[in-house]
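Novice: Handing you this structure, nothing more for now.
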Amino acid sequence: MVEATKAGFLDRTLRNLRNAWQSIAGSEYGAETASMRPHLPDDDIPRLREQMLACLAARGGEVSARARAAALGRAYLNLDETGRRRFLTVLAQEFDVDRAAVDAAIAAVQAAADPDARHHAEARLKKAMEAPRLRLLTQFSALPNGIKFLVDMRAELLSLARQDPLFKPVEADLKGLLASWFDVGLLELQEITWRSASAALLERLIAYEAVHAIKGWDDLKNRLASDRRCFAFFHPRMPDEPLIFVEVALVAGLADNVQHLLDESVPVQDPQKADTAIFYSISNAQKGLAGISFGNFLIKRVVDLLALEFKGLKTFATLSPVPGFRPWLEHALSDGEPRLLLPAERKALTQVADGSRGAKGTLKVLIGDVATWHQDPAVCQALRGPLMRLCARYLTQERRSDGKAKDPVAHFHLTNGARMERLNWLADTSANGLQQSAGIMINYLYKLGEIDDNHEAYTGAGKIAASSAIRSLAKG
C-alpha cells in the first residue's frame, strides 16, 4: 500500500509539472523538441544543443525567455535515465568554463598597472570563471516548481558524480546555486497536523519518511495524534514540499523501544502530563539538498517551541538508530574477530548452539541470520554483552579521517550539541533496525544548558559528549 501511495504521488507530481511547463512553453515546445526520443540518441543532440544556446542567447523579453526555459525543461522531463545522463553530459562538456578566457583574464589581472585597472580585470576574471551552464540552470528557477526541478536534478547528478567525475563540476555548480537559495533565514518552520495538512502534504510525509517507514494512513494518523508533534522546514518557492521534518512523541521518561512508541494500539496520552519530548525520526525529504545543512536549526527551533507550549517538559532527547554499526562490525569481523571479543564473551558465545546450522555459535554466525536471532532468548542473552559494548565503542571511539564520529547520525546530533545518553537493547526489531544496528538504538540528550558547550567541544576538538554509562560500557 505504501509503495503504491509513493508511486502514485510521484507520477502525479511529474505529470502536473509536464503539463504546466508545456502551457508556458507554447510554440517554443514545437515538433522538433517533442520529437526528441527518450534515450536522446546522437542525432537528437544537435537540436538539444541549439535549444540550450537559444536559452543563453536571451532573445526577446522575459516571456520568451521563460517559454524557452520551459520547453527545455519539459524536454528533460520526457527523457528516460539514459537520455537524462546524455542531457547532463552535454551540460558538462559543452557549457563549462572557457579556460582560455580564464587564462587571459588572469593575465590581465597580473598586468593591471593601477587599482582601477585591477578592479576591472578582476571583474572580468570573475565573469570568465562562471560556467555558462550556471546561467542556463538559473533560468529554470523562474518557472513554477522550477526550484524543485533543480533540486531533483542535483539528486540525479549526485548519483552520476559518484560513478563518473565528469559530472562533479556540474553538481558543484548546482549545489552552489541551491545553497544560496536555501539559506536557513529564508526557511519557514511549520507544524504539520492531521487536520490542517493537505492530503498531498500527508502523502509526501509517507513518501519521504526515511527512518521508520509509515505503513499507511492509520499509522500516519497515529503519528499526528495529540500526544505527538511533527514539524518541517519549507522554502517559500516550494510551499508544498517539506525539506526536512522531525517527528516527536510526548512521553514520560526516556523511550527505549521504537515499536512501542509507534504502536497504534497504545492509548493516546495527555501531552500536558509528559515530561519528555522524544525526537524519534528526522527525515531529509530532498535528496538534492544533501550537504546543505539546516537540520540543526530545525531541532533547536522545535525544542524552543515545545518548551514554550508544554511547561512540564524537562527532557529533550532522541531515540535514534545507529546506521553505521552493523557495517563497521561486519568489516571488523571479516578477518576472524581478532581482539574484538573479551574472553568471557567468546566463551559465552561458543556455548550457544546455532540451531539453523547445527554449529557452535560465533558472533559472526549468530548475527548472520538477521530475521531470527533476536527471537531466541539464549542467543539474545549471549549477544547482549558483546554487541552493546561494541556499539558503545563504535560510537565513542571510531572516527572519520577528520576526527569526527564515524556514525553519521551520531555526527549530526553531536554537531547540534547533544550528548550520548543511553544505549537501548533490541529497541528496533524491524528488519531495517536489525540490519543496520543489530536492533540497538541510542538516546541523544539535548540538555539546554550544555548544548552550546557540547557543540563547541565537538566541532572544535572532536570531543564527544557521552554519559558515564556509555563510556563505562565502551571500556567493558
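Ligands are numbered from 1 in the order shown, residues from 1 within each chain, and chains are lettered A, B, ... in the order they appear in the C-alpha cells.
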Which residues come within 12 Å of stretch 120-131 of chain A, counting only C-alpha atoms, excluding same-chain residues fewer than 5 positions away, as JSON, numbers by chain?
Specialist: {"A": [56, 91, 92, 93, 94, 95, 96, 97, 98, 99, 100, 101, 102, 103, 104, 105, 106, 107, 108, 109, 110, 111, 112, 113, 114, 115, 136, 137, 138, 169, 170, 172, 173, 174, 176, 177]}
Novice: Those residues you just picked out, can you put them in a file as a CSV table (one decimal), in the first residue's frame with N, CA, C and O atoms?
Specialist:
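That gives us selection.csv:
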```
chain,number,residue,atom,x,y,z
A,56,LEU,N,20.5,30.6,-23.7
A,56,LEU,CA,21.6,31.5,-23.3
A,56,LEU,C,21.6,32.8,-24.1
A,56,LEU,O,22.1,33.9,-23.6
A,91,LEU,N,25.7,19.4,-20.9
A,91,LEU,CA,25.9,20.5,-20.0
A,91,LEU,C,27.3,20.5,-19.5
A,91,LEU,O,28.0,21.5,-19.4
A,92,ALA,N,27.8,19.3,-19.1
A,92,ALA,CA,29.2,19.2,-18.5
A,92,ALA,C,30.3,19.5,-19.5
A,92,ALA,O,31.2,20.2,-19.2
A,93,GLN,N,30.1,19.0,-20.7
A,93,GLN,CA,31.2,19.1,-21.7
A,93,GLN,C,31.2,20.3,-22.5
A,93,GLN,O,32.3,20.9,-22.9
A,94,GLU,N,30.0,20.8,-22.9
A,94,GLU,CA,29.9,21.9,-23.8
A,94,GLU,C,29.6,23.3,-23.2
A,94,GLU,O,29.6,24.3,-23.9
A,95,PHE,N,29.2,23.3,-22.0
A,95,PHE,CA,28.8,24.6,-21.3
A,95,PHE,C,29.6,24.8,-20.0
A,95,PHE,O,29.1,25.3,-19.1
A,96,ASP,N,30.8,24.4,-20.1
A,96,ASP,CA,31.8,24.5,-19.0
A,96,ASP,C,32.5,25.9,-19.1
A,96,ASP,O,32.3,26.6,-20.0
A,97,VAL,N,33.3,26.2,-18.1
A,97,VAL,CA,34.1,27.4,-18.2
A,97,VAL,C,35.0,27.4,-19.4
A,97,VAL,O,35.6,26.3,-19.7
A,98,ASP,N,35.2,28.5,-20.0
A,98,ASP,CA,36.2,28.7,-21.1
A,98,ASP,C,37.5,28.9,-20.5
A,98,ASP,O,37.8,30.0,-20.1
A,99,ARG,N,38.4,27.9,-20.5
A,99,ARG,CA,39.7,28.0,-19.8
A,99,ARG,C,40.6,29.0,-20.5
A,99,ARG,O,41.4,29.7,-19.8
A,100,ALA,N,40.5,29.1,-21.8
A,100,ALA,CA,41.4,30.1,-22.4
A,100,ALA,C,41.0,31.5,-22.0
A,100,ALA,O,41.8,32.4,-21.8
A,101,ALA,N,39.7,31.8,-21.8
A,101,ALA,CA,39.2,33.1,-21.4
A,101,ALA,C,39.6,33.3,-19.9
A,101,ALA,O,40.0,34.5,-19.5
A,102,VAL,N,39.6,32.3,-19.1
A,102,VAL,CA,40.1,32.4,-17.7
A,102,VAL,C,41.6,32.8,-17.7
A,102,VAL,O,42.0,33.7,-17.0
A,103,ASP,N,42.4,32.1,-18.5
A,103,ASP,CA,43.8,32.3,-18.5
A,103,ASP,C,44.1,33.8,-19.0
A,103,ASP,O,45.0,34.5,-18.4
A,104,ALA,N,43.4,34.2,-20.0
A,104,ALA,CA,43.5,35.6,-20.4
A,104,ALA,C,43.2,36.6,-19.4
A,104,ALA,O,43.8,37.6,-19.2
A,105,ALA,N,42.1,36.3,-18.6
A,105,ALA,CA,41.6,37.2,-17.6
A,105,ALA,C,42.6,37.2,-16.4
A,105,ALA,O,42.9,38.3,-15.8
A,106,ILE,N,43.2,36.1,-16.1
A,106,ILE,CA,44.3,36.0,-15.0
A,106,ILE,C,45.5,36.9,-15.5
A,106,ILE,O,46.0,37.7,-14.6
A,107,ALA,N,45.9,36.8,-16.7
A,107,ALA,CA,47.0,37.6,-17.2
A,107,ALA,C,46.7,39.1,-17.1
A,107,ALA,O,47.6,39.9,-16.8
A,108,ALA,N,45.4,39.4,-17.4
A,108,ALA,CA,45.1,40.8,-17.3
A,108,ALA,C,45.1,41.3,-15.9
A,108,ALA,O,45.5,42.5,-15.6
A,109,VAL,N,44.7,40.5,-14.9
A,109,VAL,CA,44.8,40.9,-13.5
A,109,VAL,C,46.3,41.1,-13.1
A,109,VAL,O,46.6,42.1,-12.5
A,110,GLN,N,47.1,40.2,-13.5
A,110,GLN,CA,48.5,40.3,-13.2
A,110,GLN,C,49.2,41.5,-13.8
A,110,GLN,O,50.1,42.1,-13.3
A,111,ALA,N,48.7,41.9,-15.0
A,111,ALA,CA,49.3,43.0,-15.7
A,111,ALA,C,48.7,44.4,-15.4
A,111,ALA,O,49.2,45.4,-15.8
A,112,ALA,N,47.7,44.4,-14.5
A,112,ALA,CA,47.0,45.6,-14.2
A,112,ALA,C,48.0,46.6,-13.6
A,112,ALA,O,48.7,46.3,-12.6
A,113,ALA,N,48.0,47.9,-14.1
A,113,ALA,CA,49.0,48.8,-13.6
A,113,ALA,C,48.5,49.7,-12.5
A,113,ALA,O,49.3,50.3,-11.8
A,114,ASP,N,47.2,49.8,-12.2
A,114,ASP,CA,46.7,50.6,-11.2
A,114,ASP,C,45.5,50.0,-10.6
A,114,ASP,O,44.9,49.0,-11.1
A,115,PRO,N,45.0,50.5,-9.4
A,115,PRO,CA,43.9,49.8,-8.7
A,115,PRO,C,42.6,49.8,-9.6
A,115,PRO,O,41.9,48.8,-9.5
A,136,LEU,N,22.2,29.0,-17.5
A,136,LEU,CA,21.1,28.2,-18.1
A,136,LEU,C,20.3,27.6,-17.0
A,136,LEU,O,19.1,27.6,-17.0
A,137,LEU,N,21.0,27.0,-15.9
A,137,LEU,CA,20.2,26.4,-14.8
A,137,LEU,C,19.4,27.4,-14.1
A,137,LEU,O,18.3,27.1,-13.6
A,138,THR,N,19.9,28.6,-13.9
A,138,THR,CA,19.2,29.6,-13.2
A,138,THR,C,17.9,30.0,-13.8
A,138,THR,O,16.9,30.4,-13.1
A,169,PRO,N,31.8,18.8,-11.6
A,169,PRO,CA,31.7,20.2,-11.7
A,169,PRO,C,30.2,20.7,-11.9
A,169,PRO,O,29.9,21.8,-11.3
A,170,VAL,N,29.4,20.0,-12.6
A,170,VAL,CA,28.0,20.4,-12.8
A,170,VAL,C,27.3,20.3,-11.4
A,170,VAL,O,26.5,21.2,-11.1
A,172,ALA,N,28.6,20.5,-8.5
A,172,ALA,CA,29.1,21.6,-7.6
A,172,ALA,C,28.5,22.9,-8.0
A,172,ALA,O,28.2,23.7,-7.1
A,173,ASP,N,28.4,23.2,-9.3
A,173,ASP,CA,27.7,24.4,-9.7
A,173,ASP,C,26.3,24.5,-9.2
A,173,ASP,O,25.9,25.6,-8.6
A,174,LEU,N,25.6,23.4,-9.3
A,174,LEU,CA,24.2,23.4,-8.9
A,174,LEU,C,24.1,23.5,-7.4
A,174,LEU,O,23.2,24.2,-6.8
A,176,GLY,N,26.1,25.1,-5.4
A,176,GLY,CA,26.3,26.5,-5.0
A,176,GLY,C,25.1,27.3,-5.2
A,176,GLY,O,24.8,28.2,-4.4
A,177,LEU,N,24.3,27.1,-6.3
A,177,LEU,CA,23.1,27.8,-6.5
A,177,LEU,C,22.1,27.5,-5.4
A,177,LEU,O,21.5,28.4,-4.9
```
Novice: So that I can see what lies close to A:Leu448, please list as a PDB file with N, CA and C atoms, in the first residue's frame the residues with an atom at most 12 Å from it, counting only C-alpha atoms and leaving out residues fewer than 5 positions away in the same chain.
Specialist:
```pdb
ATOM      1  N   ILE A 299      15.989  21.298  14.909  1.00  0.00           N
ATOM      2  CA  ILE A 299      15.866  20.749  16.256  1.00  0.00           C
ATOM      3  C   ILE A 299      15.835  21.854  17.299  1.00  0.00           C
ATOM      4  N   LYS A 300      16.725  22.826  17.174  1.00  0.00           N
ATOM      5  CA  LYS A 300      16.769  23.903  18.163  1.00  0.00           C
ATOM      6  C   LYS A 300      15.473  24.713  18.160  1.00  0.00           C
ATOM      7  N   VAL A 303      12.718  22.524  19.822  1.00  0.00           N
ATOM      8  CA  VAL A 303      12.898  22.491  21.278  1.00  0.00           C
ATOM      9  C   VAL A 303      12.322  23.764  21.898  1.00  0.00           C
ATOM     10  N   ASP A 304      12.619  24.903  21.314  1.00  0.00           N
ATOM     11  CA  ASP A 304      12.107  26.181  21.841  1.00  0.00           C
ATOM     12  C   ASP A 304      10.585  26.218  21.804  1.00  0.00           C
ATOM     13  N   ALA A 307       9.097  23.731  24.453  1.00  0.00           N
ATOM     14  CA  ALA A 307       9.296  24.232  25.819  1.00  0.00           C
ATOM     15  C   ALA A 307       8.311  25.352  26.125  1.00  0.00           C
ATOM     16  N   LEU A 313       7.639  19.868  30.277  1.00  0.00           N
ATOM     17  CA  LEU A 313       8.741  19.168  29.619  1.00  0.00           C
ATOM     18  C   LEU A 313      10.070  19.542  30.267  1.00  0.00           C
ATOM     19  N   LYS A 314      10.776  18.536  30.753  1.00  0.00           N
ATOM     20  CA  LYS A 314      12.079  18.746  31.376  1.00  0.00           C
ATOM     21  C   LYS A 314      13.224  18.138  30.567  1.00  0.00           C
ATOM     22  N   THR A 315      12.875  17.173  29.721  1.00  0.00           N
ATOM     23  CA  THR A 315      13.900  16.433  28.988  1.00  0.00           C
ATOM     24  C   THR A 315      13.593  16.456  27.502  1.00  0.00           C
ATOM     25  N   PHE A 316      14.632  16.729  26.706  1.00  0.00           N
ATOM     26  CA  PHE A 316      14.522  16.699  25.249  1.00  0.00           C
ATOM     27  C   PHE A 316      15.587  15.723  24.745  1.00  0.00           C
ATOM     28  N   ALA A 317      15.132  14.660  24.117  1.00  0.00           N
ATOM     29  CA  ALA A 317      16.072  13.603  23.717  1.00  0.00           C
ATOM     30  C   ALA A 317      15.590  12.944  22.434  1.00  0.00           C
ATOM     31  N   ASN A 416      25.066  19.166  16.737  1.00  0.00           N
ATOM     32  CA  ASN A 416      23.996  20.009  17.266  1.00  0.00           C
ATOM     33  C   ASN A 416      24.139  20.291  18.761  1.00  0.00           C
ATOM     34  N   GLY A 417      25.094  19.643  19.430  1.00  0.00           N
ATOM     35  CA  GLY A 417      25.306  19.896  20.854  1.00  0.00           C
ATOM     36  C   GLY A 417      24.673  18.875  21.780  1.00  0.00           C
ATOM     37  N   ALA A 418      24.259  17.721  21.248  1.00  0.00           N
ATOM     38  CA  ALA A 418      23.654  16.687  22.076  1.00  0.00           C
ATOM     39  C   ALA A 418      24.719  15.859  22.792  1.00  0.00           C
ATOM     40  N   ARG A 419      24.268  15.062  23.746  1.00  0.00           N
ATOM     41  CA  ARG A 419      25.134  14.149  24.481  1.00  0.00           C
ATOM     42  C   ARG A 419      24.633  12.726  24.287  1.00  0.00           C
ATOM     43  N   ASP A 453      28.133  24.410  24.695  1.00  0.00           N
ATOM     44  CA  ASP A 453      29.457  23.909  25.081  1.00  0.00           C
ATOM     45  C   ASP A 453      29.767  22.583  24.380  1.00  0.00           C
ATOM     46  N   ASN A 454      28.783  21.690  24.307  1.00  0.00           N
ATOM     47  CA  ASN A 454      28.995  20.408  23.619  1.00  0.00           C
ATOM     48  C   ASN A 454      29.289  20.623  22.141  1.00  0.00           C
ATOM     49  N   HIS A 455      28.550  21.540  21.536  1.00  0.00           N
ATOM     50  CA  HIS A 455      28.760  21.854  20.122  1.00  0.00           C
ATOM     51  C   HIS A 455      30.180  22.356  19.882  1.00  0.00           C
TER      52      HIS A 455
END
```
Novice: With distances taken over only C-alpha atoms, which residue among A:Arg389, A:Lys168, A:Arg59, A:Lys404 lies nearest A:Thr89?
Specialist: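 Checking each of A:Arg389, A:Lys168, A:Arg59, A:Lys404 against A:Thr89, counting only C-alpha atoms, the winner is A:Lys168.
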Novice: Name the closest residue to A:Gln436 among the candidates A:His411, A:Arg326, A:Arg339, A:Arg135; distances are taken between atoms, counting only C-alpha atoms.
Specialist: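 Among the listed residues, A:Arg326 lies closest to A:Gln436.
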Novice: Step one, run DSSP on the backbone; step two, keep only residues of stretch 269-359 of chain A assigned to alpha helix (DSSP H); then write them as a ChimeraX atom specification.
Specialist: /A:295-309,325-333,343-350
Novice: Measuring atom to atom with only C-alpha atoms, identify which of A:Lys215, A:Arg84, A:Lys406, A:Arg393 is nearest to A:Gly476.
Specialist: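 Between A:Lys215, A:Arg84, A:Lys406, A:Arg393, the residue approaching A:Gly476 most closely is A:Arg393.
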Novice: Tell me which protein, DNA and RNA residues are within 9 Å of stretch 147-151 of chain A, counting only C-alpha atoms, leaving out same-chain ones fewer than 4 positions away, and put them as number ranges by chain.
Specialist: A: 17, 73, 137-138, 140-143, 155-156, 174-175, 178, 181, 237-238, 241, 286-289
Novice: Excluding same-chain residues fewer than 2 positions from A:Pro386, what lies within 12 Å of it counting only C-alpha atoms, as a ChimeraX atom specification?
Specialist: /A:329,337,340-349,362-364,367,379-384,388-394,425,438,473-476
Novice: At what distance in Å, to one decimal, does atom CA of A:Ala197 lie from atom CA of A:Asn16?
Specialist: 20.1 Å
Novice: Report, in Å with one decimal, the straight-line distance from atom CA of A:Leu395 to atom CA of A:Asp428.
Specialist: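 For atom CA of A:Leu395 relative to atom CA of A:Asp428, the distance reads 17.4 Å.
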Novice: Give the answer as one residue: which of A:Glu62, A:Ile282, A:Asp219, A:Leu88 has the shortest atom-to-atom distance to A:Ile45, using only C-alpha atoms?
Specialist: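 Distance minimum relative to A:Ile45 lands on A:Leu88.
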Novice: Write out as a compact mmCIF listing (two decimals) with N, CA, C and O atoms, in the first residue's frame which residues come within 10 Å of A:Lys463 when counting only C-alpha atoms, dropping same-chain ones fewer than 3 positions away.
Specialist:
```
# COMPACT_ATOMS: atom_id res chain seq x y z
N THR A 396 31.78 5.91 20.41
CA THR A 396 32.64 6.85 21.15
C THR A 396 34.09 6.86 20.68
O THR A 396 34.79 7.84 20.91
N GLY A 403 38.53 13.23 12.23
CA GLY A 403 38.47 13.19 13.68
C GLY A 403 37.07 13.21 14.26
O GLY A 403 36.91 13.15 15.48
N LYS A 404 36.06 13.29 13.43
CA LYS A 404 34.67 13.32 13.91
C LYS A 404 34.11 11.90 14.00
O LYS A 404 34.69 10.95 13.49
N ALA A 405 32.97 11.77 14.67
CA ALA A 405 32.34 10.47 14.89
C ALA A 405 32.06 9.77 13.56
O ALA A 405 31.61 10.40 12.60
N LEU A 414 25.79 15.19 17.59
CA LEU A 414 26.91 15.79 18.33
C LEU A 414 27.21 17.19 17.81
O LEU A 414 27.53 18.10 18.59
N ASN A 454 28.78 21.69 24.31
CA ASN A 454 29.00 20.41 23.62
C ASN A 454 29.29 20.62 22.14
O ASN A 454 30.17 19.95 21.56
N HIS A 455 28.55 21.54 21.54
CA HIS A 455 28.76 21.85 20.12
C HIS A 455 30.18 22.36 19.88
O HIS A 455 30.88 21.89 18.97
N GLU A 456 30.63 23.30 20.69
CA GLU A 456 31.96 23.87 20.51
C GLU A 456 33.05 22.82 20.72
O GLU A 456 34.04 22.77 19.99
N ALA A 457 32.88 21.98 21.75
CA ALA A 457 33.89 20.96 22.04
C ALA A 457 34.00 19.94 20.92
O ALA A 457 35.10 19.49 20.57
N TYR A 458 32.86 19.60 20.31
CA TYR A 458 32.88 18.59 19.25
C TYR A 458 33.37 19.17 17.93
O TYR A 458 34.25 18.60 17.27
N THR A 459 32.81 20.30 17.53
CA THR A 459 33.21 20.87 16.24
C THR A 459 34.63 21.41 16.27
O THR A 459 35.31 21.42 15.25
N GLY A 460 35.08 21.86 17.44
CA GLY A 460 36.44 22.40 17.53
C GLY A 460 37.51 21.34 17.73
O GLY A 460 38.51 21.31 17.00
N ALA A 466 29.46 12.22 26.17
CA ALA A 466 28.79 10.94 26.42
C ALA A 466 28.63 10.73 27.91
O ALA A 466 29.47 11.16 28.70
```
